[in-house]
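Peer 1: Provided herewith is a single structure, encoded as structure tokens, for subsequent inquiry.
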Amino acid sequence: MKIPVFTVDAFTNLPFKGNPAAVCPLLCELQDELYQKIAAEMNLSETAFITRLNPADDFSSGARFHLRWFSPTNEVPLCGHATLASAAVLFYKKKNTNSSLVFETMSGELHVRQKGDSLVMDFPLNKPVLQVADDFKAVIRAAVGDHPVQEVCLCPTTKKLMIRLDDTCDRSVLTSLQPNAAALLASESSGRVKGVIVTMLGAPQCQPGYDFYSRNFSPWNGIPEDPVTGSSHTVLASYWSEKLGKKMMLAYQCSNRGGELQLEVRDDGRLDITGQAVTILEGTLCL
């Protein structure tokens with residue numbers, strides 16, 4: 001069996017930046033065990049598998065596809081950067097002729113359309129709920145140590161715990177965090193948390209004018225730190241939109257690779273996430 005595979009750096013216009021995802025366009029479904037083995041072999045935060053909904057379609061003319069995402073350890077219900085990467089493969093490598101594509105996923109229908117050199121993803125908006133910080137004392141300490149925390153929220157839909165650093169913190173506090181993956185795992189084993197977002201107020205008055213910064217840690221999914229995370233921004237956009245009173249925001253994820261996301265909270269309660277993507281590898285899996 002030969003399976004085409006692409007490695008795409010998402011949320012960047014430069015190679016070796018943003019968040020890399022593997023993308024496999026498949027002519028037929030595979031067994032779940034094989035999906036997981038391929039994702040473990042690729043060893044990126046996510047590997048995306050695209051299949052046709054209509055056997056008469058091909059990847060150049062079809063407008064609707066089935067999409068699944070696997071981390072090295074498990075299937076995940078929502079992944080932004082691997083969705084962006086999948087659309088980039090179809091639009092740029094398969095030369096898909098449609099102006100927009102629809103992916104049927106575990107999180108419902110996700111639409112992606114072209115906009116100049118960028119791609120715009122239509123994603124759900126996931127509102128986090130304010131929590132009592134003491135209820136998550138161990139996780140907070142494992143994530144940010146003794147740095148002051150302004151608010152703690154939990155998104156029950158995504159199981160992401162959002163920790164907002166105090167506004168007195170400099171950006172260097174966020175970028176210098178080095179949480180231990182094993183310590184994070186040990187701090188929370190109830191199942192209510194599957195990822196930790198650490199965020200802080202940005203500097204919109206300084207160019208390029210980021211409204212907020214973040215980092216994302218998900219050892220529960222086999223990902224010590226995710227470089228640029230679309231799914232986390234479905235939570236962050238909801239939170240910061242309310243705090244800042246803004247519908248359109250520019251965000252930066254401060255991992256070592258780094259990535260930029262343009263966000264628009266729509267009146268219909270959904271979120272547009274805009275980003276670019278660069279394909280850096282094309283190959284074949286021989287099984």
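Ordering of the structure tokens sets the chain letters (A, B, ...), residue numbers begin anew at 1 in every chain, and ligands are numbered from 1 in the order given.
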Would you mind listing what lies within 9 Å of Arg257 of chain A as a short mmCIF file (atom, residue, chain, number, x, y, z; two decimals) with N, CA, C and O atoms, in the first residue's frame, with only C-alpha atoms counted and same-chain residues fewer than 4 positions away left out?
Peer 2:
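selection27.cif, freshly written:
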data_model
loop_
_atom_site.label_atom_id
_atom_site.label_comp_id
_atom_site.auth_asym_id
_atom_site.auth_seq_id
_atom_site.Cartn_x
_atom_site.Cartn_y
_atom_site.Cartn_z
N PHE A 16 9.65 26.07 8.48
CA PHE A 16 10.22 25.83 9.80
C PHE A 16 9.68 26.76 10.88
O PHE A 16 10.24 26.85 11.97
N LYS A 17 8.59 27.44 10.58
CA LYS A 17 7.87 28.23 11.57
C LYS A 17 6.46 27.65 11.69
O LYS A 17 6.11 26.67 11.04
N GLY A 18 5.63 28.27 12.52
CA GLY A 18 4.26 27.79 12.68
C GLY A 18 4.21 26.39 13.27
O GLY A 18 5.10 25.97 14.00
N ASN A 19 3.16 25.65 12.92
CA ASN A 19 2.94 24.32 13.48
C ASN A 19 2.89 23.29 12.36
O ASN A 19 2.02 23.35 11.49
N PRO A 227 3.04 23.98 18.99
CA PRO A 227 3.60 25.27 18.56
C PRO A 227 2.56 26.36 18.28
O PRO A 227 2.72 27.50 18.73
N VAL A 228 1.52 26.04 17.51
CA VAL A 228 0.46 27.01 17.19
C VAL A 228 -0.85 26.24 17.12
O VAL A 228 -0.97 25.32 16.31
N GLN A 253 1.04 33.08 19.13
CA GLN A 253 1.38 31.99 20.04
C GLN A 253 2.89 31.93 20.18
O GLN A 253 3.63 31.77 19.20
#
Peer 1: Counting only C-alpha atoms, which residues of segment 5-112 of chain A sit at most 12 Å from some atom of segment 183-198 of chain A, and what is each one's closest atom pair with its distance in Å to one decimal, listed by chain and rising residue number, as JSON lines?
Peer 2:
{"residue": "A:Asn74", "atom": "CA", "partner": "A:Lys194", "partner_atom": "CA", "distance": 11.9}
{"residue": "A:Val76", "atom": "CA", "partner": "A:Lys194", "partner_atom": "CA", "distance": 10.4}
{"residue": "A:Pro77", "atom": "CA", "partner": "A:Lys194", "partner_atom": "CA", "distance": 11.6}
Peer 1: Please write the residues from the selection above to a file, keeping C-alpha atoms, as a PDB file, in the first residue's frame.
Peer 2:
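Contents of result.pdb, as written:
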ATOM      1  CA  ASN A  74      -4.861   9.274  20.249  1.00  0.00           C
ATOM      2  CA  VAL A  76      -8.486  14.318  18.782  1.00  0.00           C
ATOM      3  CA  PRO A  77     -11.931  15.917  18.312  1.00  0.00           C
TER       4      PRO A  77
END
Peer 1: Would you pick out the contacts of segment 121-128 of chain A at 6 Å or less, using only C-alpha atoms, so that residues sharing its chain but fewer than 4 positions from it are not included, and give the list as a list of chain:residue names?
Peer 2: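 The contact residues come out as A:Leu110, A:His111, A:Val112, A:Cys153, A:Leu154, A:Cys155, A:Thr234, A:Val235, A:Ser238, A:Arg270, A:Leu271, A:Asp272, A:Ile273.
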Peer 1: What separation in Å, quoted to one decimal, exists between atom CA of Trp240 of chain A and atom CA of Val132 of chain A?
Peer 2: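 Computed distance, atom CA of Trp240 of chain A to atom CA of Val132 of chain A, equals 18.8 Å.
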Peer 1: Quick one: pick out all helix (DSSP H, G or I) residues within segment 106-267 of chain A from a backbone DSSP run and write them as a PyMOL selection string.
Peer 2: chain A and resi 133-144+171-175+181-187+219-221+230-244
Peer 1: Would you mind listing, for every residue of segment 160-270 of chain A within 7 Å of segment 5-11 of chain A, the two atoms forming the shortest contact and the distance between them in Å to one decimal, using only C-alpha atoms, sorted by chain and ascending residue number, as CSV?
Peer 2:
residue,atom,partner,partner_atom,distance
A:Gly259,CA,A:Phe11,CA,5.4
A:Glu260,CA,A:Phe11,CA,5.9
A:Leu261,CA,A:Phe11,CA,6.6
Peer 1: I'd like the contact shell of segment 55-62 of chain A - 6 Å cut-off, only C-alpha atoms, skipping same-chain residues fewer than 6 positions apart - returned as JSON, numbers by chain.
Peer 2: {"A": [94, 95, 96, 97]}
Peer 1: Going by DSSP on the backbone, which bits of segment 107-161 of chain A are strand (DSSP E or B)? Write them as a VMD selection string, please.
Peer 2: chain A and resid 108 to 115 118 to 124 129 to 130 149 to 155 160 to 161
Peer 1: From the list A:Ala82, A:Leu14, A:Val89, A:Leu44, which residue is nearest Glu282 of chain A when using only C-alpha atoms?
Peer 2: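 Of all the options, A:Val89 lies closest to Glu282 of chain A.
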Peer 1: Rank A:Cys254, A:Leu130, A:Ala203, A:Cys286 by their smallest atom-to-atom distance to Gln150 of chain A, using only C-alpha atoms, and report the top residue only.
Peer 2: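 Closest to Gln150 of chain A of all the choices is A:Leu130.
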Peer 1: Work out how far atom CA of Leu165 of chain A is from atom CA of Asp211 of chain A, in Å to one decimal.
Peer 2: 14.3 Å
Peer 1: What's around Lys115 of chain A at 10 Å? Count only C-alpha atoms, leave out sequence neighbours fewer than 2 positions away in its own chain, and write the answer as a PyMOL selection string.
Peer 2: chain A and resi 99-100+112-113+117-120+274-276
Peer 1: Can you tell me which residues surround Pro148 of chain A at a distance of at most 12 Å, considering only C-alpha atoms, apart from same-chain residues fewer than 2 positions away, and format the answer as an MDAnalysis selection string?
Peer 2: chainID A and resid 133 140:141 143:146 150:152 163:170 173:174 198 200
Peer 1: For those residues, write N, CA and C atoms to a file as a compact mmCIF listing (two decimals), in the first residue's frame.
Peer 2:
# COMPACT_ATOMS: atom_id res chain seq x y z
N ALA A 133 -9.51 29.41 41.36
CA ALA A 133 -8.13 29.01 41.09
C ALA A 133 -7.66 27.89 42.02
N ILE A 140 -1.97 24.67 38.06
CA ILE A 140 -1.45 26.03 37.89
C ILE A 140 0.03 26.08 38.29
N ARG A 141 0.36 25.46 39.42
CA ARG A 141 1.77 25.47 39.87
C ARG A 141 2.66 24.74 38.86
N ALA A 143 2.18 24.50 35.72
CA ALA A 143 2.24 25.24 34.45
C ALA A 143 3.02 26.54 34.56
N VAL A 144 2.75 27.33 35.60
CA VAL A 144 3.33 28.69 35.67
C VAL A 144 4.14 28.94 36.93
N GLY A 145 4.31 27.94 37.79
CA GLY A 145 5.10 28.13 39.00
C GLY A 145 4.46 29.14 39.93
N ASP A 146 5.27 30.09 40.42
CA ASP A 146 4.79 31.09 41.38
C ASP A 146 4.39 32.41 40.72
N GLN A 150 -4.14 36.01 37.02
CA GLN A 150 -5.28 36.92 37.11
C GLN A 150 -6.61 36.17 37.11
N GLU A 151 -6.75 35.20 36.19
CA GLU A 151 -7.99 34.42 36.12
C GLU A 151 -7.70 33.02 35.62
N VAL A 152 -8.59 32.10 36.00
CA VAL A 152 -8.51 30.72 35.53
C VAL A 152 -9.89 30.34 34.99
N ILE A 163 -5.22 29.60 31.75
CA ILE A 163 -4.63 30.35 32.86
C ILE A 163 -4.17 31.70 32.31
N ARG A 164 -4.77 32.77 32.82
CA ARG A 164 -4.36 34.12 32.39
C ARG A 164 -3.36 34.67 33.39
N LEU A 165 -2.16 34.97 32.91
CA LEU A 165 -1.17 35.61 33.76
C LEU A 165 -1.60 37.02 34.12
N ASP A 166 -1.17 37.47 35.28
CA ASP A 166 -1.52 38.82 35.73
C ASP A 166 -0.98 39.86 34.75
N ASP A 167 -1.70 40.96 34.62
CA ASP A 167 -1.31 42.01 33.67
C ASP A 167 0.02 42.68 34.03
N THR A 168 0.50 42.45 35.26
CA THR A 168 1.81 43.00 35.64
C THR A 168 2.96 42.20 35.03
N CYS A 169 2.66 41.01 34.49
CA CYS A 169 3.70 40.15 33.93
C CYS A 169 4.16 40.65 32.57
N ASP A 170 5.43 40.58 32.33
CA ASP A 170 6.01 40.91 31.03
C ASP A 170 5.89 39.70 30.11
N VAL A 173 7.86 36.55 30.77
CA VAL A 173 7.39 35.55 31.74
C VAL A 173 6.74 34.38 30.99
N LEU A 174 5.92 34.72 30.01
CA LEU A 174 5.24 33.68 29.23
C LEU A 174 6.24 32.88 28.39
N VAL A 198 -1.82 28.91 28.53
CA VAL A 198 -1.36 30.04 29.33
C VAL A 198 -1.41 31.27 28.43
N MET A 200 -1.85 35.83 28.08
CA MET A 200 -1.68 37.13 28.71
C MET A 200 -2.07 38.23 27.72
Peer 1: Can you tell me how far atom CA of Phe217 of chain A sits from atom CA of Tyr35 of chain A, in Å to one decimal?
Peer 2: 23.1 Å
Peer 1: Between A:Ala181, A:Val278, A:Thr105, A:Gly283, which residue has the minimum interatomic distance to Asn221 of chain A, considering only C-alpha atoms?
Peer 2: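 Among the listed residues, A:Ala181 lies closest to Asn221 of chain A.
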